[in-house]
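Shown next: protein.cif, given as mmCIF, C-alpha atoms.
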data_coords
loop_
_atom_site.group_PDB
_atom_site.id
_atom_site.type_symbol
_atom_site.label_atom_id
_atom_site.label_comp_id
_atom_site.auth_asym_id
_atom_site.auth_seq_id
_atom_site.Cartn_x
_atom_site.Cartn_y
_atom_site.Cartn_z
ATOM 1 C CA MET W 1 1.602 26.462 5.313
ATOM 2 C CA LYS W 2 0.028 26.388 8.721
ATOM 3 C CA ARG W 3 -3.088 28.317 7.770
ATOM 4 C CA TRP W 4 -3.702 26.220 4.676
ATOM 5 C CA ASN W 5 -3.341 22.977 6.622
ATOM 6 C CA GLU W 6 -5.633 24.365 9.281
ATOM 7 C CA PHE W 7 -8.083 25.275 6.537
ATOM 8 C CA LEU W 8 -7.714 21.883 4.903
ATOM 9 C CA ASP W 9 -8.507 19.848 8.007
ATOM 10 C CA GLU W 10 -12.110 18.873 8.438
ATOM 11 C CA ARG W 11 -12.938 16.609 11.336
ATOM 12 C CA PRO W 12 -15.209 13.783 10.137
ATOM 13 C CA SER W 13 -18.469 13.502 12.029
ATOM 14 C CA ALA W 14 -18.933 10.748 14.630
ATOM 15 C CA ASP W 15 -21.661 9.315 12.434
ATOM 16 C CA PHE W 16 -19.283 9.087 9.483
ATOM 17 C CA GLU W 17 -16.612 7.485 11.664
ATOM 18 C CA ASN W 18 -19.074 4.851 12.927
ATOM 19 C CA ARG W 19 -20.241 4.049 9.418
ATOM 20 C CA LEU W 20 -16.657 3.764 8.212
ATOM 21 C CA MET W 21 -15.644 1.486 11.082
ATOM 22 C CA ALA W 22 -18.640 -0.760 10.408
ATOM 23 C CA GLU W 23 -17.592 -0.889 6.753
ATOM 24 C CA VAL W 24 -13.926 -1.687 7.298
ATOM 25 C CA ALA W 25 -14.239 -4.037 10.314
ATOM 26 C CA PRO W 26 -15.105 -7.134 8.215
ATOM 27 C CA LEU W 27 -12.311 -6.281 5.767
ATOM 28 C CA ILE W 28 -9.780 -6.051 8.588
ATOM 29 C CA GLU W 29 -11.104 -9.292 10.083
ATOM 30 C CA GLU W 30 -10.676 -10.918 6.697
ATOM 31 C CA ARG W 31 -7.082 -9.670 6.642
ATOM 32 C CA LYS W 32 -6.526 -11.357 9.996
ATOM 33 C CA LYS W 33 -7.879 -14.674 8.688
ATOM 34 C CA ASN W 34 -5.860 -14.398 5.483
ATOM 35 C CA GLN W 35 -2.837 -13.633 7.580
ATOM 36 C CA SER W 36 -3.151 -16.894 9.528
ATOM 37 C CA THR W 37 -3.776 -18.830 6.300
ATOM 38 C CA ASP W 38 -0.781 -17.067 4.771
ATOM 39 C CA SER W 39 1.307 -17.992 7.800
ATOM 40 C CA TRP W 40 0.439 -21.665 7.440
ATOM 41 C CA TRP W 41 1.041 -21.501 3.735
ATOM 42 C CA LYS W 42 4.428 -19.812 4.260
ATOM 43 C CA LEU W 43 5.300 -22.411 6.905
ATOM 44 C CA TRP W 44 4.463 -25.203 4.501
ATOM 45 C CA MET W 45 6.376 -23.521 1.716
ATOM 46 C CA GLY W 46 9.348 -23.142 4.055
ATOM 47 C CA LEU W 47 9.178 -26.795 5.061
ATOM 48 C CA ALA W 48 8.664 -28.079 1.525
ATOM 49 C CA PRO W 49 12.384 -28.407 0.637
ATOM 50 C CA PHE W 50 13.040 -30.280 3.890
ATOM 51 C CA ALA W 51 10.026 -32.525 3.304
ATOM 52 C CA ALA W 52 11.186 -33.216 -0.252
ATOM 53 C CA GLY W 53 14.672 -33.978 1.051
ATOM 54 C CA LEU W 54 13.273 -36.338 3.670
ATOM 55 C CA VAL W 55 11.148 -38.188 1.108
ATOM 56 C CA ALA W 56 14.144 -38.473 -1.210
ATOM 57 C CA TRP W 57 16.327 -39.799 1.617
ATOM 58 C CA ILE W 58 13.699 -42.366 2.683
ATOM 59 C CA TRP W 59 13.268 -43.483 -0.901
ATOM 60 C CA HIS W 60 17.025 -43.774 -1.332
ATOM 61 C CA PHE W 61 17.358 -45.660 1.956
ATOM 62 C CA GLU W 62 14.503 -47.999 1.048
ATOM 63 C CA SER W 63 15.913 -48.720 -2.386
ATOM 64 C CA THR W 64 19.422 -49.235 -0.981
ATOM 65 C CA GLU W 65 18.103 -51.533 1.698
ATOM 66 C CA SER W 66 16.027 -53.525 -0.752
ATOM 67 C CA GLY W 67 19.070 -53.650 -3.027
ATOM 68 C CA VAL W 68 21.089 -55.137 -0.178
ATOM 69 C CA GLU W 69 18.288 -57.564 0.585
ATOM 70 C CA HIS W 70 18.196 -58.556 -3.075
ATOM 71 C CA ASP W 71 21.934 -59.256 -3.036
ATOM 72 C CA LEU W 72 21.609 -61.328 0.103
ATOM 73 C CA MET W 73 18.750 -63.317 -1.336
ATOM 74 C CA ALA W 74 20.941 -64.093 -4.303
ATOM 75 C CA VAL W 75 23.675 -65.313 -1.947
ATOM 76 C CA PHE W 76 21.580 -67.149 0.607
ATOM 77 C CA GLY W 77 18.352 -67.811 -1.247
ATOM 78 C CA SER W 78 16.402 -66.874 1.824
ATOM 79 C CA ASP W 79 13.344 -64.718 2.289
ATOM 80 C CA SER W 80 14.487 -61.141 2.633
ATOM 81 C CA SER W 81 11.910 -60.478 5.342
ATOM 82 C CA GLU W 82 13.777 -62.782 7.622
ATOM 83 C CA LEU W 83 17.156 -61.235 7.054
ATOM 84 C CA VAL W 84 18.747 -59.882 10.176
ATOM 85 C CA ALA W 85 21.659 -57.684 11.003
ATOM 86 C CA GLU W 86 23.950 -60.675 11.148
ATOM 87 C CA ASP W 87 23.353 -61.290 7.473
ATOM 88 C CA LEU W 88 24.393 -57.760 6.654
ATOM 89 C CA GLU W 89 27.604 -58.282 8.652
ATOM 90 C CA LEU W 90 28.094 -61.500 6.747
ATOM 91 C CA LEU W 91 27.857 -59.581 3.505
ATOM 92 C CA ASP W 92 30.764 -57.445 4.652
ATOM 93 C CA ASP W 93 32.702 -60.645 5.378
ATOM 94 C CA ILE W 94 31.926 -61.971 1.902
ATOM 95 C CA GLU W 95 33.161 -58.742 0.336
ATOM 96 C CA LEU W 96 36.374 -59.000 2.401
ATOM 97 C CA LEU W 97 36.748 -62.632 1.405
ATOM 98 C CA GLU W 98 36.361 -61.717 -2.256
ATOM 99 C CA GLU W 99 38.973 -59.025 -1.921
ATOM 100 C CA TRP W 100 41.282 -61.463 -0.166
ATOM 101 C CA GLU W 101 40.739 -64.036 -2.917
ATOM 102 C CA THR W 102 41.566 -61.442 -5.567
ATOM 103 C CA LEU W 103 44.764 -60.541 -3.772
ATOM 104 C CA GLU W 104 45.634 -64.250 -3.463
ATOM 105 C CA LYS W 105 45.214 -64.641 -7.230
ATOM 106 C CA TRP W 106 47.531 -61.722 -7.898
ATOM 107 C CA ASN W 107 50.086 -63.030 -5.484
ATOM 108 C CA SER W 108 50.081 -66.472 -7.004
ATOM 109 C CA MET Y 1 0.251 3.369 19.430
ATOM 110 C CA LYS Y 2 1.162 7.066 19.674
ATOM 111 C CA ASN Y 3 4.874 6.492 19.097
ATOM 112 C CA VAL Y 4 4.381 4.038 16.270
ATOM 113 C CA SER Y 5 5.125 5.278 12.731
ATOM 114 C CA ASP Y 6 2.495 5.275 9.990
ATOM 115 C CA GLY Y 7 4.444 2.589 8.147
ATOM 116 C CA GLU Y 8 4.416 0.322 11.190
ATOM 117 C CA LEU Y 9 0.693 0.923 11.603
ATOM 118 C CA MET Y 10 0.168 -0.144 7.992
ATOM 119 C CA SER Y 11 2.122 -3.347 8.657
ATOM 120 C CA ALA Y 12 -0.060 -4.017 11.698
ATOM 121 C CA LEU Y 13 -3.183 -3.258 9.658
ATOM 122 C CA ALA Y 14 -2.034 -5.735 7.007
ATOM 123 C CA LYS Y 15 -2.049 -8.364 9.769
ATOM 124 C CA GLY Y 16 -5.609 -7.465 10.714
ATOM 125 C CA ASN Y 17 -5.020 -5.072 13.610
ATOM 126 C CA GLN Y 18 -8.100 -2.862 13.958
ATOM 127 C CA SER Y 19 -6.467 -0.511 16.476
ATOM 128 C CA ALA Y 20 -3.816 0.303 13.882
ATOM 129 C CA PHE Y 21 -6.545 1.408 11.496
ATOM 130 C CA ARG Y 22 -8.173 3.576 14.169
ATOM 131 C CA GLU Y 23 -4.859 5.277 14.864
ATOM 132 C CA LEU Y 24 -4.219 5.972 11.163
ATOM 133 C CA PHE Y 25 -7.710 7.382 10.868
ATOM 134 C CA GLN Y 26 -7.200 9.560 13.948
ATOM 135 C CA ARG Y 27 -3.990 10.928 12.453
ATOM 136 C CA HIS Y 28 -5.102 11.535 8.869
ATOM 137 C CA GLY Y 29 -8.901 11.309 8.786
ATOM 138 C CA SER Y 30 -9.368 15.091 9.010
ATOM 139 C CA SER Y 31 -6.847 15.845 6.260
ATOM 140 C CA VAL Y 32 -8.387 13.309 3.899
ATOM 141 C CA MET Y 33 -11.890 14.571 4.554
ATOM 142 C CA GLY Y 34 -10.838 18.220 4.152
ATOM 143 C CA PHE Y 35 -8.831 17.537 1.019
ATOM 144 C CA SER Y 36 -11.780 15.730 -0.591
ATOM 145 C CA ARG Y 37 -14.157 18.470 0.511
ATOM 146 C CA ARG Y 38 -11.983 21.222 -1.056
ATOM 147 C CA LEU Y 39 -11.676 19.257 -4.281
ATOM 148 C CA LEU Y 40 -15.303 18.260 -4.597
ATOM 149 C CA GLY Y 41 -17.018 21.226 -2.987
ATOM 150 C CA SER Y 42 -19.609 19.221 -1.059
ATOM 151 C CA LEU Y 43 -19.616 17.373 2.252
ATOM 152 C CA GLU Y 44 -21.745 14.522 0.945
ATOM 153 C CA ALA Y 45 -19.332 13.802 -1.923
ATOM 154 C CA ALA Y 46 -16.344 14.232 0.384
ATOM 155 C CA GLU Y 47 -17.730 11.612 2.779
ATOM 156 C CA GLU Y 48 -18.318 9.185 -0.082
ATOM 157 C CA ILE Y 49 -14.772 9.644 -1.397
ATOM 158 C CA SER Y 50 -13.254 9.644 2.060
ATOM 159 C CA GLN Y 51 -14.919 6.337 2.911
ATOM 160 C CA GLU Y 52 -13.768 4.755 -0.339
ATOM 161 C CA THR Y 53 -10.244 6.049 0.277
ATOM 162 C CA TRP Y 54 -10.027 4.354 3.676
ATOM 163 C CA ILE Y 55 -11.495 1.132 2.358
ATOM 164 C CA ARG Y 56 -8.755 1.101 -0.261
ATOM 165 C CA VAL Y 57 -6.147 1.746 2.400
ATOM 166 C CA VAL Y 58 -7.302 -1.403 4.219
ATOM 167 C CA LYS Y 59 -7.425 -3.480 1.038
ATOM 168 C CA SER Y 60 -3.970 -2.390 -0.079
ATOM 169 C CA ALA Y 61 -2.293 -2.525 3.346
ATOM 170 C CA GLU Y 62 -0.414 -5.706 2.519
ATOM 171 C CA ASP Y 63 1.118 -4.197 -0.607
ATOM 172 C CA TYR Y 64 2.005 -0.879 1.034
ATOM 173 C CA GLN Y 65 5.685 -0.081 0.786
ATOM 174 C CA ASP Y 66 6.906 2.375 3.353
ATOM 175 C CA ARG Y 67 8.896 4.536 0.941
ATOM 176 C CA GLY Y 68 7.345 8.015 1.003
ATOM 177 C CA THR Y 69 4.979 9.437 3.596
ATOM 178 C CA PHE Y 70 1.662 7.807 4.366
ATOM 179 C CA ARG Y 71 0.015 11.217 3.952
ATOM 180 C CA ALA Y 72 1.208 11.450 0.335
ATOM 181 C CA TYR Y 73 -0.017 7.889 -0.232
ATOM 182 C CA VAL Y 74 -3.497 8.448 1.156
ATOM 183 C CA PHE Y 75 -3.798 11.821 -0.611
ATOM 184 C CA THR Y 76 -2.925 10.174 -3.914
ATOM 185 C CA ILE Y 77 -5.765 7.686 -3.440
ATOM 186 C CA ALA Y 78 -8.180 10.468 -2.417
ATOM 187 C CA ARG Y 79 -7.122 12.662 -5.353
ATOM 188 C CA ARG Y 80 -7.597 9.895 -7.928
ATOM 189 C CA LEU Y 81 -10.993 8.971 -6.556
ATOM 190 C CA SER Y 82 -12.045 12.635 -6.370
ATOM 191 C CA LEU Y 83 -11.000 13.449 -9.927
ATOM 192 C CA ASN Y 84 -12.729 10.304 -11.197
ATOM 193 C CA TRP Y 85 -15.833 11.376 -9.324
ATOM 194 C CA LEU Y 86 -15.682 14.824 -10.964
ATOM 195 C CA ARG Y 87 -15.154 13.206 -14.367
ATOM 196 C CA LYS Y 88 -18.194 10.978 -13.908
ATOM 197 C CA GLN Y 89 -20.213 14.065 -13.062
ATOM 198 C CA ASN Y 90 -18.871 15.728 -16.240
ATOM 199 C CA ARG Y 91 -17.473 18.485 -14.102
ATOM 200 C CA LEU Y 92 -13.952 18.377 -15.538
ATOM 201 C CA VAL Y 93 -15.044 19.097 -19.085
ATOM 202 C CA ASN Y 94 -14.950 22.892 -19.012
ATOM 203 C CA PHE Y 95 -11.807 23.252 -16.998
ATOM 204 C CA GLU Y 96 -9.813 25.049 -19.681
ATOM 205 C CA PRO Y 97 -9.760 28.761 -18.782
ATOM 206 C CA ASP Y 98 -10.713 31.341 -21.399
ATOM 207 C CA GLU Y 99 -8.025 31.969 -23.965
ATOM 208 C CA TRP Y 100 -7.446 35.547 -22.886
ATOM 209 C CA GLU Y 101 -6.963 34.367 -19.311
ATOM 210 C CA SER Y 102 -4.310 31.841 -20.296
ATOM 211 C CA GLN Y 103 -2.075 34.426 -21.837
ATOM 212 C CA ALA Y 104 0.905 35.723 -19.931
ATOM 213 C CA ALA Y 105 -0.068 34.354 -16.537
ATOM 214 C CA PRO Y 106 3.149 34.499 -14.536
ATOM 215 C CA GLU Y 107 4.575 31.471 -12.803
ATOM 216 C CA THR Y 108 3.915 31.542 -9.106
ATOM 217 C CA ASP Y 109 6.189 30.416 -6.328
ATOM 218 C CA ARG Y 110 4.802 28.655 -3.268
ATOM 219 C CA LEU Y 111 6.469 31.252 -1.048
ATOM 220 C CA GLU Y 112 4.326 33.917 -2.690
ATOM 221 C CA TRP Y 113 1.304 32.190 -1.191
ATOM 222 C CA GLN Y 114 2.418 32.987 2.345
ATOM 223 C CA PHE Y 115 -0.145 35.795 2.297
ATOM 224 C CA ILE Y 116 -2.758 33.131 3.048
ATOM 225 C CA GLU Y 117 -1.450 33.147 6.635
ATOM 226 C CA ARG Y 118 -2.873 36.648 6.986
ATOM 227 C CA ILE Y 119 -6.387 35.762 5.851
ATOM 228 C CA GLU Y 120 -8.886 35.040 8.564
ATOM 229 C CA LEU Y 121 -9.840 31.350 8.497
ATOM 230 C CA ALA Y 122 -13.585 31.903 8.056
ATOM 231 C CA ARG Y 123 -12.954 34.397 5.252
ATOM 232 C CA LEU Y 124 -10.483 32.052 3.564
ATOM 233 C CA LYS Y 125 -13.136 29.359 3.667
ATOM 234 C CA SER Y 126 -15.927 31.455 2.212
ATOM 235 C CA THR Y 127 -13.695 33.009 -0.465
ATOM 236 C CA PHE Y 128 -12.295 29.647 -1.419
ATOM 237 C CA GLU Y 129 -15.745 28.145 -1.778
ATOM 238 C CA ALA Y 130 -16.756 31.011 -4.042
ATOM 239 C CA LEU Y 131 -13.886 30.347 -6.463
ATOM 240 C CA PRO Y 132 -14.753 28.843 -9.870
ATOM 241 C CA GLU Y 133 -14.469 25.047 -9.690
ATOM 242 C CA ASN Y 134 -11.422 24.817 -11.970
ATOM 243 C CA GLN Y 135 -9.492 27.323 -9.841
ATOM 244 C CA ARG Y 136 -10.562 25.616 -6.639
ATOM 245 C CA VAL Y 137 -9.392 22.181 -7.806
ATOM 246 C CA ALA Y 138 -6.072 23.465 -9.213
ATOM 247 C CA LEU Y 139 -5.378 25.432 -6.045
ATOM 248 C CA THR Y 140 -6.149 22.484 -3.774
ATOM 249 C CA LEU Y 141 -3.777 20.230 -5.691
ATOM 250 C CA TRP Y 142 -1.141 22.975 -5.730
ATOM 251 C CA LEU Y 143 -1.182 23.760 -2.030
ATOM 252 C CA SER Y 144 -2.146 20.447 -0.486
ATOM 253 C CA GLU Y 145 -0.003 18.029 -2.418
ATOM 254 C CA ASP Y 146 2.886 20.198 -3.598
ATOM 255 C CA LEU Y 147 2.341 18.943 -7.133
ATOM 256 C CA SER Y 148 4.193 20.705 -9.946
ATOM 257 C CA TYR Y 149 2.440 22.591 -12.750
ATOM 258 C CA GLU Y 150 3.142 19.673 -15.067
ATOM 259 C CA GLN Y 151 1.699 17.149 -12.615
ATOM 260 C CA ILE Y 152 -1.474 19.178 -12.084
ATOM 261 C CA ALA Y 153 -1.815 19.730 -15.831
ATOM 262 C CA ASN Y 154 -1.444 16.011 -16.351
ATOM 263 C CA GLN Y 155 -4.040 15.183 -13.699
ATOM 264 C CA LEU Y 156 -6.599 17.607 -15.080
ATOM 265 C CA GLY Y 157 -5.847 17.099 -18.764
ATOM 266 C CA LEU Y 158 -4.949 20.770 -19.211
ATOM 267 C CA SER Y 159 -1.940 22.660 -20.519
ATOM 268 C CA VAL Y 160 0.703 24.014 -18.162
ATOM 269 C CA SER Y 161 -0.188 27.574 -19.176
ATOM 270 C CA ALA Y 162 -3.817 26.869 -18.243
ATOM 271 C CA ILE Y 163 -2.717 25.774 -14.766
ATOM 272 C CA LYS Y 164 -0.588 28.897 -14.363
ATOM 273 C CA SER Y 165 -3.576 30.962 -15.325
ATOM 274 C CA LEU Y 166 -5.957 29.194 -12.919
ATOM 275 C CA LEU Y 167 -3.553 29.632 -10.018
ATOM 276 C CA PHE Y 168 -2.889 33.240 -10.904
ATOM 277 C CA ARG Y 169 -6.611 34.068 -10.947
ATOM 278 C CA ALA Y 170 -7.205 32.225 -7.685
ATOM 279 C CA ARG Y 171 -4.350 34.105 -6.068
ATOM 280 C CA GLN Y 172 -5.690 37.457 -7.260
ATOM 281 C CA THR Y 173 -9.070 36.673 -5.715
ATOM 282 C CA LEU Y 174 -7.634 35.516 -2.388
ATOM 283 C CA GLU Y 175 -5.114 38.360 -2.136
ATOM 284 C CA LYS Y 176 -7.945 40.836 -1.853
ATOM 285 C CA PHE Y 177 -8.710 39.407 1.553
ATOM 286 C CA GLN Y 178 -5.262 39.359 3.096
ATOM 287 C CA GLY Y 179 -4.733 41.486 6.150
ATOM 288 C CA GLY Y 180 -8.012 40.461 7.782
ATOM 289 C CA ALA Y 181 -8.057 39.929 11.538
ATOM 290 C CA THR Y 182 -6.954 36.451 12.633
#
Using structure tokens, write down the structure that the file contains.
Amino acid sequence: MKRWNEFLDERPSADFENRLMAEVAPLIEERKKNQSTDSWWKLWMGLAPFAAGLVAWIWHFESTESGVEHDLMAVFGSDSSELVAEDLELLDDIELLEEWETLEKWNS
Amino acid sequence: MKNVSDGELMSALAKGNQSAFRELFQRHGSSVMGFSRRLLGSLEAAEEISQETWIRVVKSAEDYQDRGTFRAYVFTIARRLSLNWLRKQNRLVNFEPDEWESQAAPETDRLEWQFIERIELARLKSTFEALPENQRVALTLWLSEDLSYEQIANQLGLSVSAIKSLLFRARQTLEKFQGGAT
């Protein structure tokens, strides 16, 4: 009802409005700060699975690499820190040789 | 900000936008203040409740879900705070109308209240303010928020027949003044 709504409305005084704005301004400012903290937090939360995946991959890679180094040390008895790419290629050759030897045995 | 919806303003407020708050206050500040004033009957109390209402709007902005209207949302906050205020002042204790008044009060339809349009604004104001507090509160909830009898009864801790009676008496009083110059 138009008349009722007209009756209901009561314009707050300028003094009230100023007091209210002074009261809510720090709360709104706090919201802004929380918002940026929230954004960072959400960003981190969003990146967490990727970060976990990356850590897992690095760990897997490290352990695989050290496993390879361990195997090579057993073969060559050398210090793993000095192993180079050639050694890794050599390992492939050894595996091929072993396969070839197995086939030779079967054939004979 | 004029073309932005209330819901969008609340989202902006949740992110700390002060202009969004100003715009919401410009749009609904008068209604909230008037609603509180009609419920509580004093400007001082209405300002206290109005301020608390807006503070709560800011604090709850992040959780606001744009389902109904913002007006209904802010009125709900103002109503709860106002009724709590009246309770603390022990002013809701004698809200039950006299037994003889509660009998056979007919149900009223909102359309029947159209006569208010014919009452001069100043006269409506003075007559309204002269109503007994229980009638004034029931009538404000009835006309401002479109609450049902059951909802008003629930809010005030009264029976449905008591609400019917309060509204009926208020209507009788106001009807005397219809037809005044506008």
Which residues match the PyMOL selection byres ((chain W) within 8 of (chain Y)) in the file above, as a ChimeraX atom specification?
/W:1-5,7-12,16,20,23-25,27-33,35
Show me, as JSON, the centre and edge lengths in Å to one decimal of the axis-aligned box that covers every listed atom of stretch 142-148 of chain Y with 6 Å on each side.
{"center_x": 1.0, "center_y": 20.9, "center_z": -5.2, "size_x": 18.3, "size_y": 17.7, "size_z": 21.5}
When the PyMOL selection byres ((chain Y and resi 138) around 7) is applied to the file above, which residues end up in the set, as a ChimeraX atom specification?
/Y:134-137,139-142,152,163,166-167
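Pairwise distance (atom CA of Y:Glu133, atom CA of Y:Ser82) equals 13.1 Å.
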Would you mind reading off the distance between atom CA of W:Leu54 and atom CA of W:Trp41, one decimal, in Å?
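Between atom CA of W:Leu54 and atom CA of W:Trp41 the gap works out to 19.2 Å.
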How far is it from atom CA of Y:Ile49 to atom CA of Y:Glu129, in Å with one decimal?
18.5 Å
Would you translate the PyMOL selection byres ((chain Y and resi 86) around 12) into the concrete set of residues it matches in this file, as a ChimeraX atom specification?
/Y:36,39-42,45-46,49,79-85,87-95,133-134,137,155-156
Keeping only C-alpha atoms, take the residues you just selected and write them out as a PDB file, in the frame of the given file.
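The resulting file, selection02.pdb, is shown below:
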ATOM      1  CA  SER Y  36     -11.780  15.730  -0.591  1.00  0.00           C
ATOM      2  CA  LEU Y  39     -11.676  19.257  -4.281  1.00  0.00           C
ATOM      3  CA  LEU Y  40     -15.303  18.260  -4.597  1.00  0.00           C
ATOM      4  CA  GLY Y  41     -17.018  21.226  -2.987  1.00  0.00           C
ATOM      5  CA  SER Y  42     -19.609  19.221  -1.059  1.00  0.00           C
ATOM      6  CA  ALA Y  45     -19.332  13.802  -1.923  1.00  0.00           C
ATOM      7  CA  ALA Y  46     -16.344  14.232   0.384  1.00  0.00           C
ATOM      8  CA  ILE Y  49     -14.772   9.644  -1.397  1.00  0.00           C
ATOM      9  CA  ARG Y  79      -7.122  12.662  -5.353  1.00  0.00           C
ATOM     10  CA  ARG Y  80      -7.597   9.895  -7.928  1.00  0.00           C
ATOM     11  CA  LEU Y  81     -10.993   8.971  -6.556  1.00  0.00           C
ATOM     12  CA  SER Y  82     -12.045  12.635  -6.370  1.00  0.00           C
ATOM     13  CA  LEU Y  83     -11.000  13.449  -9.927  1.00  0.00           C
ATOM     14  CA  ASN Y  84     -12.729  10.304 -11.197  1.00  0.00           C
ATOM     15  CA  TRP Y  85     -15.833  11.376  -9.324  1.00  0.00           C
ATOM     16  CA  ARG Y  87     -15.154  13.206 -14.367  1.00  0.00           C
ATOM     17  CA  LYS Y  88     -18.194  10.978 -13.908  1.00  0.00           C
ATOM     18  CA  GLN Y  89     -20.213  14.065 -13.062  1.00  0.00           C
ATOM     19  CA  ASN Y  90     -18.871  15.728 -16.240  1.00  0.00           C
ATOM     20  CA  ARG Y  91     -17.473  18.485 -14.102  1.00  0.00           C
ATOM     21  CA  LEU Y  92     -13.952  18.377 -15.538  1.00  0.00           C
ATOM     22  CA  VAL Y  93     -15.044  19.097 -19.085  1.00  0.00           C
ATOM     23  CA  ASN Y  94     -14.950  22.892 -19.012  1.00  0.00           C
ATOM     24  CA  PHE Y  95     -11.807  23.252 -16.998  1.00  0.00           C
ATOM     25  CA  GLU Y 133     -14.469  25.047  -9.690  1.00  0.00           C
ATOM     26  CA  ASN Y 134     -11.422  24.817 -11.970  1.00  0.00           C
ATOM     27  CA  VAL Y 137      -9.392  22.181  -7.806  1.00  0.00           C
ATOM     28  CA  GLN Y 155      -4.040  15.183 -13.699  1.00  0.00           C
ATOM     29  CA  LEU Y 156      -6.599  17.607 -15.080  1.00  0.00           C
TER      30      LEU Y 156
END
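Considering all atoms listed in the file, the residue among Y:Thr53, Y:Ser5, Y:Gln151, Y:Thr127 positioned nearest to Y:Ala170 is Y:Thr127.
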